[in-house]
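Reading through the structure tokens given below for one structure.
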Number of protein chains: 2
Amino acid sequence: MKDFLSRLDGYAEQFERILGKYCAEMDYRPSVLAESMRYSLQGGGKRLRPALFFSALEAFGGSPESEGMLALALECIHTYSLIHDDLPAMDNDDFRRGRPSNHKKFGEANAILAGDALLNEACSIALSESGKDENHRLAAKWLIDAAGAAGMIAGQSADILYEHSAEAGESELHFIYDNKTGKLITAPLVMAAILTGKHFAEMCAFGTELGRLFQMTDDILDVKGESKELGKTIGKDSAEDKLTCVKVYGLKSAEVRADLSAERCEALLEGIPEDVSFLQQLVRYVRTRTY
Amino acid sequence: MKDFLSRLDGYAEQFERILGKYCAEMDYRPSVLAESMRYSLQGGGKRLRPALFFSALEAFGGSPESEGMLALALECIHTYSLIHDDLPAMDNDDFRRGRPSNHKKFGEANAILAGDALLNEACSIALSESGKDENHRLAAKWLIDAAGAAGMIAGQSADILYEHSAEAGESELHFIYDNKTGKLITAPLVMAAILTGKHFAEMCAFGTELGRLFQMTDDILDVKGESKELGKTIGKDSAEDKLTCVKVYGLKSAEVRADLSAERCEALLEGIPEDVSFLQQLVRYVRTRTY
């Protein structure tokens, strides 16, 4: 796991350099707009999605160095979704990664606009990258569609709809998992597949299962985790009666299902001849993480 | 003016057909997501931006019939901006075009997501259109950038920042006008210029002035208009101490400046050899509108 963590750090550092340059050059007016965008973009985080993208590119013979802007677009989308998710009308979370959430720092109106601006920024980058060649346009379109009304936003909408629902069960839970979380975990893997022309179907399947595993451990940590370690409020899912795997299966059964999901993730990587050891280790890391 | 209104209706009908097809085929889940997107998209409005686009394409020898999807992307962006603008944390408006605003109908969380989804949808369309040729990619990118942190969102941010400001004056007012309103009025004209290879500089200049004229008359109508006719709450700018031309210049001087702006708009069209009579008549229509 030590080797894995140093590789994860390496990808994150590679991404932080791209992000740092982008944020330093950002001169949008009024300054509160640029500040609120930077505040959330540079608020830390594991940079898991860029790491997925870079590692899959590397494994399949692509060039992570050339694709930094698509990684940036990906993280802009992830960041905007967190800003809007934290809003009082949404999940109403005052903290994110151990700091005040965007709307606590800049006010609700600025947080709404910072989120909008980051989504717009991702699209602008996607359109720039599309000028390189047809594969870049297809990869960029995959990313934007993964974020949209047939992807992440559908999952967020379902997440709200099924709060306090007595009828919702496994099928609704999977809809939330596959869209709210899975689509943006799958997107970097599929983008790498499109750009290198390799393992498209495998990355679709692996990304979806990894998304489920990731969200299951998230649900479990909301019950078992430590607020300080996680950098966010604990026990919120239960307090808000969210549809989670713990609610649907109970904690013990949810843990077993997370183990089975991790095994399925590993199985889905088995047929790939290239070195996907980073993705294999990531599966263990996600399953055993405590934050 | 009768000829102008029938042409405006014609462009609007042409757009409504495209929109109607798009909305009928929209099957996003959960259904509340698709419903809330459709509710605002099909909430009426003059379809001014698509009309600007179609008329400029027509004037410069382009094909409005082939560019319906870019018109749709444009209106998706305009619609999302209205949904987010109406939110309690933003302009807090309960009515839009004589109907309850999106968040009054579907709740705040769904309204935030419907807005996000419409911006995302515009980007997805932009990326599809980019596959046609390089001019389409450039036109689509112009649209997305006009909507973003160096465009419409910058103007919205400034609009909030300069509320209750005693120092802000003409320069800040123009920043709001040119970005919040002007960028999305200019975008369809510039897109038509890019797609036809004609009058790029003229459309940039004319669009910016038309945006100022449009927002000036909007500010004036917020003082002088009738709520029923406008379909929205009247006197809100003054109640919220917004930075408007009426606040900066007073009502009488604002009216004179609107007249001068209309004259500048007309002058900017004078050098164009093609038939831009629709744009010329539009200037008079915007200046004299009562709703």
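Ordering of the structure tokens sets the chain letters (A, B, ...); residue numbers start at 1 within each chain; ligands are numbered from 1 in the order shown.
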Kindly provide, as a short mmCIF file (atom, residue, chain, number, x, y, z; two decimals) with C-alpha atoms, in the first residue's frame, the residues of chain A having any atom no farther than 9 Å from an atom of chain B, counting only C-alpha atoms.
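File written: part-v1.cif
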```
data_model
loop_
_atom_site.label_atom_id
_atom_site.label_comp_id
_atom_site.auth_asym_id
_atom_site.auth_seq_id
_atom_site.Cartn_x
_atom_site.Cartn_y
_atom_site.Cartn_z
CA ASP A 27 -8.14 37.04 -13.27
CA TYR A 28 -11.92 37.05 -13.45
CA ARG A 29 -13.72 40.12 -12.17
CA PRO A 30 -15.18 40.91 -9.73
CA VAL A 32 -14.89 37.66 -5.31
CA LEU A 33 -15.87 35.47 -8.27
CA ALA A 34 -12.29 34.31 -8.92
CA HIS A 84 -23.90 23.18 -5.03
CA LEU A 87 -25.90 24.62 -0.28
CA PRO A 88 -28.59 24.97 2.43
CA ALA A 89 -31.33 23.96 -0.04
CA MET A 90 -29.36 20.84 -0.96
CA GLY A 107 -22.47 33.64 0.92
CA GLU A 108 -25.06 31.64 -0.94
CA ALA A 109 -25.37 33.82 -4.03
CA ASN A 110 -21.63 33.78 -4.68
CA ILE A 112 -24.24 29.42 -6.64
CA LEU A 113 -22.35 31.56 -9.15
CA ALA A 114 -18.95 29.98 -8.35
CA GLY A 115 -20.49 26.56 -9.03
CA ASP A 116 -22.08 27.73 -12.27
CA ALA A 117 -18.79 29.31 -13.33
CA LEU A 118 -16.81 26.10 -12.67
CA LEU A 119 -19.23 24.01 -14.74
CA ASN A 120 -19.04 26.62 -17.49
CA GLU A 121 -15.23 26.58 -17.23
CA CYS A 123 -17.25 23.18 -20.82
CA SER A 124 -14.98 25.88 -22.19
CA ALA A 126 -13.82 20.70 -23.21
CA LEU A 127 -14.47 22.82 -26.31
CA SER A 128 -10.82 23.90 -26.50
CA SER A 130 -12.13 19.29 -28.89
CA GLY A 131 -10.07 21.26 -31.37
CA GLU A 134 -12.02 13.79 -32.96
CA ARG A 137 -13.97 15.81 -28.79
CA LEU A 138 -15.51 12.42 -28.03
CA ALA A 140 -14.72 15.69 -23.74
CA LYS A 141 -18.34 14.99 -24.70
CA TRP A 142 -18.31 11.82 -22.61
CA ILE A 144 -19.87 16.57 -20.07
CA ASP A 145 -22.62 13.99 -20.60
CA ALA A 147 -21.96 15.24 -15.51
CA GLY A 148 -25.42 16.05 -16.87
CA ALA A 149 -29.10 15.20 -16.70
CA ALA A 150 -28.46 11.60 -17.76
CA ILE A 153 -27.34 15.49 -11.93
CA ALA A 154 -29.86 12.65 -12.36
CA GLY A 155 -28.22 10.99 -9.35
CA GLN A 156 -28.37 14.18 -7.29
CA SER A 157 -32.01 14.63 -8.20
CA ALA A 158 -32.81 11.03 -7.18
CA ILE A 160 -33.18 14.30 -2.98
CA LEU A 161 -36.31 12.55 -4.27
#
```
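Neighbours of range 210-222 of chain B closer than or equal to 8 Å, with only C-alpha atoms counted and sequence neighbours fewer than 5 positions away skipped, come out as His174, Tyr177, Asp178, Thr181, Gly182, Lys183, Ile185, Thr186, Ile234, Gly235, Lys236, Asp237, Thr244, Cys245, Val246, Leu251, Ala254, Glu255, Ala258, Ser261, Ala262, Cys265, Val283, Val286, Arg287, Arg289, Thr290 and Tyr291 of chain B.
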Next, the residues of the selection above should be written as a PDB file, in the first residue's frame with N, CA and C atoms.
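The resulting file, part05.pdb, is reproduced below:
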```
ATOM      1  N   HIS B 174     -21.762  49.808 -16.533  1.00  0.00           N
ATOM      2  CA  HIS B 174     -21.446  49.266 -17.855  1.00  0.00           C
ATOM      3  C   HIS B 174     -20.885  47.857 -17.771  1.00  0.00           C
ATOM      4  N   TYR B 177     -23.951  45.728 -17.378  1.00  0.00           N
ATOM      5  CA  TYR B 177     -24.691  45.706 -18.650  1.00  0.00           C
ATOM      6  C   TYR B 177     -24.005  44.814 -19.680  1.00  0.00           C
ATOM      7  N   ASP B 178     -22.699  45.058 -19.857  1.00  0.00           N
ATOM      8  CA  ASP B 178     -21.975  44.392 -20.951  1.00  0.00           C
ATOM      9  C   ASP B 178     -21.815  42.902 -20.700  1.00  0.00           C
ATOM     10  N   THR B 181     -25.998  41.147 -19.327  1.00  0.00           N
ATOM     11  CA  THR B 181     -26.982  41.180 -20.412  1.00  0.00           C
ATOM     12  C   THR B 181     -26.327  41.101 -21.789  1.00  0.00           C
ATOM     13  N   GLY B 182     -25.296  41.905 -21.986  1.00  0.00           N
ATOM     14  CA  GLY B 182     -24.717  42.070 -23.322  1.00  0.00           C
ATOM     15  C   GLY B 182     -24.113  40.807 -23.914  1.00  0.00           C
ATOM     16  N   LYS B 183     -23.445  40.022 -23.086  1.00  0.00           N
ATOM     17  CA  LYS B 183     -22.716  38.871 -23.642  1.00  0.00           C
ATOM     18  C   LYS B 183     -23.644  37.858 -24.310  1.00  0.00           C
ATOM     19  N   ILE B 185     -26.625  38.569 -25.503  1.00  0.00           N
ATOM     20  CA  ILE B 185     -27.296  39.223 -26.642  1.00  0.00           C
ATOM     21  C   ILE B 185     -26.332  39.234 -27.828  1.00  0.00           C
ATOM     22  N   THR B 186     -25.058  39.433 -27.506  1.00  0.00           N
ATOM     23  CA  THR B 186     -24.025  39.481 -28.549  1.00  0.00           C
ATOM     24  C   THR B 186     -23.734  38.093 -29.125  1.00  0.00           C
ATOM     25  N   ILE B 234     -42.598  44.345  -9.954  1.00  0.00           N
ATOM     26  CA  ILE B 234     -42.114  45.678 -10.341  1.00  0.00           C
ATOM     27  C   ILE B 234     -41.547  46.408  -9.117  1.00  0.00           C
ATOM     28  N   GLY B 235     -40.560  47.289  -9.356  1.00  0.00           N
ATOM     29  CA  GLY B 235     -39.985  48.088  -8.277  1.00  0.00           C
ATOM     30  C   GLY B 235     -38.983  47.342  -7.435  1.00  0.00           C
ATOM     31  N   LYS B 236     -38.588  46.146  -7.909  1.00  0.00           N
ATOM     32  CA  LYS B 236     -37.647  45.335  -7.126  1.00  0.00           C
ATOM     33  C   LYS B 236     -36.238  45.940  -7.103  1.00  0.00           C
ATOM     34  N   ASP B 237     -35.813  46.528  -8.221  1.00  0.00           N
ATOM     35  CA  ASP B 237     -34.460  47.078  -8.300  1.00  0.00           C
ATOM     36  C   ASP B 237     -34.244  48.121  -7.211  1.00  0.00           C
ATOM     37  N   THR B 244     -28.612  50.446 -11.131  1.00  0.00           N
ATOM     38  CA  THR B 244     -29.312  50.554 -12.419  1.00  0.00           C
ATOM     39  C   THR B 244     -29.042  51.926 -13.023  1.00  0.00           C
ATOM     40  N   CYS B 245     -29.430  52.092 -14.278  1.00  0.00           N
ATOM     41  CA  CYS B 245     -29.223  53.397 -14.908  1.00  0.00           C
ATOM     42  C   CYS B 245     -30.107  54.455 -14.263  1.00  0.00           C
ATOM     43  N   VAL B 246     -31.247  54.041 -13.708  1.00  0.00           N
ATOM     44  CA  VAL B 246     -32.117  54.999 -13.038  1.00  0.00           C
ATOM     45  C   VAL B 246     -31.461  55.481 -11.747  1.00  0.00           C
ATOM     46  N   LEU B 251     -34.256  59.018 -13.609  1.00  0.00           N
ATOM     47  CA  LEU B 251     -35.134  58.484 -14.645  1.00  0.00           C
ATOM     48  C   LEU B 251     -35.078  59.286 -15.939  1.00  0.00           C
ATOM     49  N   ALA B 254     -31.838  58.860 -17.743  1.00  0.00           N
ATOM     50  CA  ALA B 254     -31.752  57.479 -18.213  1.00  0.00           C
ATOM     51  C   ALA B 254     -32.512  57.310 -19.524  1.00  0.00           C
ATOM     52  N   GLU B 255     -33.674  57.976 -19.618  1.00  0.00           N
ATOM     53  CA  GLU B 255     -34.485  57.898 -20.849  1.00  0.00           C
ATOM     54  C   GLU B 255     -33.727  58.518 -22.025  1.00  0.00           C
ATOM     55  N   ALA B 258     -31.019  56.187 -23.088  1.00  0.00           N
ATOM     56  CA  ALA B 258     -31.557  55.048 -23.843  1.00  0.00           C
ATOM     57  C   ALA B 258     -31.805  55.457 -25.302  1.00  0.00           C
ATOM     58  N   SER B 261     -28.492  55.534 -27.002  1.00  0.00           N
ATOM     59  CA  SER B 261     -28.008  54.176 -27.230  1.00  0.00           C
ATOM     60  C   SER B 261     -28.687  53.573 -28.461  1.00  0.00           C
ATOM     61  N   ALA B 262     -29.989  53.823 -28.590  1.00  0.00           N
ATOM     62  CA  ALA B 262     -30.724  53.329 -29.767  1.00  0.00           C
ATOM     63  C   ALA B 262     -30.140  53.931 -31.047  1.00  0.00           C
ATOM     64  N   CYS B 265     -26.927  52.163 -31.809  1.00  0.00           N
ATOM     65  CA  CYS B 265     -27.227  50.845 -32.393  1.00  0.00           C
ATOM     66  C   CYS B 265     -27.491  50.971 -33.882  1.00  0.00           C
ATOM     67  N   VAL B 283     -34.205  47.409 -32.827  1.00  0.00           N
ATOM     68  CA  VAL B 283     -33.701  48.504 -31.990  1.00  0.00           C
ATOM     69  C   VAL B 283     -34.863  49.406 -31.557  1.00  0.00           C
ATOM     70  N   VAL B 286     -37.117  47.491 -29.062  1.00  0.00           N
ATOM     71  CA  VAL B 286     -36.565  47.395 -27.705  1.00  0.00           C
ATOM     72  C   VAL B 286     -36.706  48.737 -26.981  1.00  0.00           C
ATOM     73  N   ARG B 287     -36.433  49.831 -27.708  1.00  0.00           N
ATOM     74  CA  ARG B 287     -36.493  51.146 -27.074  1.00  0.00           C
ATOM     75  C   ARG B 287     -37.910  51.503 -26.648  1.00  0.00           C
ATOM     76  N   ARG B 289     -40.562  49.337 -26.144  1.00  0.00           N
ATOM     77  CA  ARG B 289     -41.359  48.270 -25.543  1.00  0.00           C
ATOM     78  C   ARG B 289     -41.903  48.695 -24.169  1.00  0.00           C
ATOM     79  N   THR B 290     -43.053  48.154 -23.827  1.00  0.00           N
ATOM     80  CA  THR B 290     -43.648  48.452 -22.518  1.00  0.00           C
ATOM     81  C   THR B 290     -43.691  47.194 -21.657  1.00  0.00           C
ATOM     82  N   TYR B 291     -43.120  46.075 -22.161  1.00  0.00           N
ATOM     83  CA  TYR B 291     -43.091  44.837 -21.388  1.00  0.00           C
ATOM     84  C   TYR B 291     -41.886  44.022 -21.785  1.00  0.00           C
TER      85      TYR B 291
END
```
Report as a PDB file with C-alpha atoms, in the first residue's frame all protein, DNA and RNA residues lying within 9 Å of Leu282 in chain B, evaluated on only C-alpha atoms, omitting residues in the same chain fewer than 4 positions from it.
```pdb
ATOM      1  CA  MET B   1     -43.560  47.572 -36.791  1.00  0.00           C
ATOM      2  CA  PHE B   4     -41.221  43.312 -37.619  1.00  0.00           C
ATOM      3  CA  LEU B   8     -40.226  38.039 -34.707  1.00  0.00           C
ATOM      4  CA  SER B 277     -33.836  45.549 -41.478  1.00  0.00           C
ATOM      5  CA  PHE B 278     -34.937  43.097 -38.797  1.00  0.00           C
ATOM      6  CA  VAL B 286     -36.565  47.395 -27.705  1.00  0.00           C
ATOM      7  CA  ARG B 287     -36.493  51.146 -27.074  1.00  0.00           C
TER       8      ARG B 287
END
```
Exercise for the section: Assign secondary structure with DSSP using the backbone only, and return the residues of range 44-135 of chain B in strand (DSSP E or B) as a ChimeraX atom specification. Expected result: /B:95-96,99-100
Handout entry: DSSP-assigned helix (DSSP H, G or I) members of range 101-196 of chain A, reported as JSON, numbers by chain
Key = {"A": [102, 103, 104, 105, 106, 108, 109, 110, 111, 112, 113, 114, 115, 116, 117, 118, 119, 120, 121, 122, 123, 124, 125, 126, 127, 128, 129, 134, 135, 136, 137, 138, 139, 140, 141, 142, 143, 144, 145, 146, 147, 152, 153, 154, 155, 156, 157, 158, 159, 160, 161, 170, 171, 172, 173, 174, 175, 176, 177, 178, 179, 180, 181, 182, 183, 184, 185, 186, 187, 188, 189, 190, 191, 192, 193, 194, 195, 196]}
Handout entry: CA of Glu129 in chain B to CA of Ala201 in chain B, straight-line distance in Å
Key =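 Computed distance, CA of Ala201 in chain B to CA of Glu129 in chain B, equals 23.2 Å.
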